[in-house]
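Have a look at the structure below before the remarks.
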Amino acid sequence: MTTQIGFLQGLIKERVYITRDLKASLTLVAVSGNDYGTYTSTSGSEQVLKLIHDTGVRRVLVTSLQPVGCLPRETVFSSYKQCNESRNTAASFHNQLLQQAVTMLNNNTKDSSFLILDMFSAFNTALKSKKDFRGIKRDQASRASWNDQAVTSPSGGMG
């Protein structure tokens with residue numbers, strides 16, 4: 001993730017983006033794949049989000065982890081019928097730490113807004129739905145909408 005932030009810093013240095021652009025921008029921070037191991041072992045949520053803030057971006061939307069225990073690589077051991085709850089507990093713990101970091105950043109930075117896109121709740125809603133998604137056609141899926149509770153403010157309420 002710091003590599004991508006470095007690319008952004010280079011674009012700013014080359015004046016591809018100016019202060020006005022950054023202040024009007026919304027940055028999406030989504031950690032996935034093998035980014036996550038590096039992200040947690042080197043800097044973690046607060047430092048990465050602070051680096052983005054230091055570039056001049058004032059609005060940052062960061063995704064929480066989804067229930068990683070429900071990913072196919074975890075559910076294969078139960079023939080895709082059961083999630084690995086210990087992995088989901090670890091994701092929940094990460095999300096709690098992220099919530100704390102975002103709250104602290106919002107309290108300690110001026111003219112900034114850090115929000116969390118709650119992927120854990122969004123995925124759990126879909127996974128726990130009694131609806132069978134196997135028969136949905138592509139055009140029907142594109143018309144589906146998520147409820148507004150997928151985006152939360154640092155206090156856990158609606159964003």
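Following the order of the structure tokens, chains are lettered A, B, ..., residues in each are numbered from 1, and ligands are numbered from 1.
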
Write out as a PyMOL selection string each polymer residue whose atoms come within 8 Å of stretch 83-97 of chain A, counting only C-alpha atoms; drop sequence neighbours fewer than 5 positions from it.
chain A and resi 64-71+74-75+120

Using all heavy atoms, can you write the selected residues to a file as a short mmCIF file (atom, residue, chain, number, x, y, z; two decimals), in the first residue's frame?
```cif
data_model
loop_
_atom_site.label_atom_id
_atom_site.label_comp_id
_atom_site.auth_asym_id
_atom_site.auth_seq_id
_atom_site.Cartn_x
_atom_site.Cartn_y
_atom_site.Cartn_z
N SER A 64 -13.57 -1.96 5.53
CA SER A 64 -13.26 -2.94 6.58
C SER A 64 -13.01 -4.28 5.88
O SER A 64 -13.27 -4.43 4.69
CB SER A 64 -14.43 -3.04 7.56
OG SER A 64 -15.57 -3.57 6.93
N LEU A 65 -12.52 -5.24 6.64
CA LEU A 65 -12.37 -6.58 6.08
C LEU A 65 -13.72 -7.26 6.01
O LEU A 65 -14.56 -7.10 6.89
CB LEU A 65 -11.44 -7.43 6.95
CG LEU A 65 -9.95 -7.13 6.88
CD1 LEU A 65 -9.19 -8.07 7.82
CD2 LEU A 65 -9.43 -7.27 5.47
N GLN A 66 -13.92 -8.03 4.97
CA GLN A 66 -15.11 -8.85 4.86
C GLN A 66 -14.93 -10.08 5.76
O GLN A 66 -13.85 -10.30 6.29
CB GLN A 66 -15.33 -9.26 3.40
CG GLN A 66 -14.39 -10.32 2.88
CD GLN A 66 -13.07 -9.77 2.34
OE1 GLN A 66 -12.62 -8.71 2.72
NE2 GLN A 66 -12.44 -10.52 1.46
N PRO A 67 -15.95 -10.89 5.94
CA PRO A 67 -15.78 -12.12 6.73
C PRO A 67 -14.86 -13.10 5.99
O PRO A 67 -15.32 -13.90 5.19
CB PRO A 67 -17.19 -12.66 6.90
CG PRO A 67 -18.06 -11.89 5.98
CD PRO A 67 -17.32 -10.69 5.51
N VAL A 68 -13.56 -12.98 6.23
CA VAL A 68 -12.58 -13.76 5.48
C VAL A 68 -12.71 -15.26 5.71
O VAL A 68 -12.29 -16.06 4.88
CB VAL A 68 -11.13 -13.29 5.78
CG1 VAL A 68 -10.90 -11.89 5.25
CG2 VAL A 68 -10.80 -13.37 7.25
N GLY A 69 -13.35 -15.64 6.80
CA GLY A 69 -13.58 -17.05 7.06
C GLY A 69 -14.63 -17.66 6.14
O GLY A 69 -14.83 -18.88 6.13
N CYS A 70 -15.30 -16.82 5.37
CA CYS A 70 -16.31 -17.29 4.43
C CYS A 70 -15.80 -17.30 2.99
O CYS A 70 -16.56 -17.61 2.07
CB CYS A 70 -17.57 -16.44 4.53
SG CYS A 70 -18.35 -16.52 6.16
N LEU A 71 -14.54 -16.96 2.81
CA LEU A 71 -13.95 -17.01 1.47
C LEU A 71 -13.81 -18.47 1.04
O LEU A 71 -13.64 -19.36 1.87
CB LEU A 71 -12.59 -16.32 1.45
CG LEU A 71 -12.59 -14.82 1.71
CD1 LEU A 71 -11.15 -14.30 1.81
CD2 LEU A 71 -13.35 -14.08 0.63
N GLU A 74 -11.31 -20.82 2.58
CA GLU A 74 -11.59 -21.25 3.95
C GLU A 74 -12.73 -22.25 4.03
O GLU A 74 -12.72 -23.13 4.87
CB GLU A 74 -11.92 -20.03 4.83
CG GLU A 74 -10.79 -19.04 4.96
CD GLU A 74 -9.59 -19.57 5.71
OE1 GLU A 74 -9.76 -20.43 6.61
OE2 GLU A 74 -8.47 -19.13 5.40
N THR A 75 -13.73 -22.10 3.17
CA THR A 75 -14.91 -22.95 3.25
C THR A 75 -14.76 -24.27 2.49
O THR A 75 -15.59 -25.16 2.63
CB THR A 75 -16.16 -22.21 2.74
OG1 THR A 75 -15.95 -21.83 1.38
CG2 THR A 75 -16.44 -20.98 3.59
N PHE A 120 -17.81 -6.02 6.13
CA PHE A 120 -18.14 -7.18 6.95
C PHE A 120 -19.66 -7.33 7.05
O PHE A 120 -20.21 -8.41 6.79
CB PHE A 120 -17.51 -7.05 8.34
CG PHE A 120 -17.49 -8.33 9.12
CD1 PHE A 120 -16.38 -9.17 9.06
CD2 PHE A 120 -18.55 -8.71 9.91
CE1 PHE A 120 -16.35 -10.36 9.77
CE2 PHE A 120 -18.53 -9.90 10.63
CZ PHE A 120 -17.43 -10.73 10.55
#
```

Identify which of the residues A:Leu22, A:Leu117, A:Ile12, A:Ala101 lies closest to A:Val62, counting only C-alpha atoms when measuring atom-to-atom distances.
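Counting only C-alpha atoms, the residue closest to A:Val62 is A:Leu117.
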
Calculate how many Å separate atom CA of A:Gly56 from atom CA of A:Gln100, rounding to one decimal.
21.9 Å

Top pick for closest residue to A:Thr103, considering A:Lys128, A:Glu46, A:Lys81, A:Met1 and counting only C-alpha atoms
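Checking each of A:Lys128, A:Glu46, A:Lys81, A:Met1 against A:Thr103, counting only C-alpha atoms, the winner is A:Glu46.
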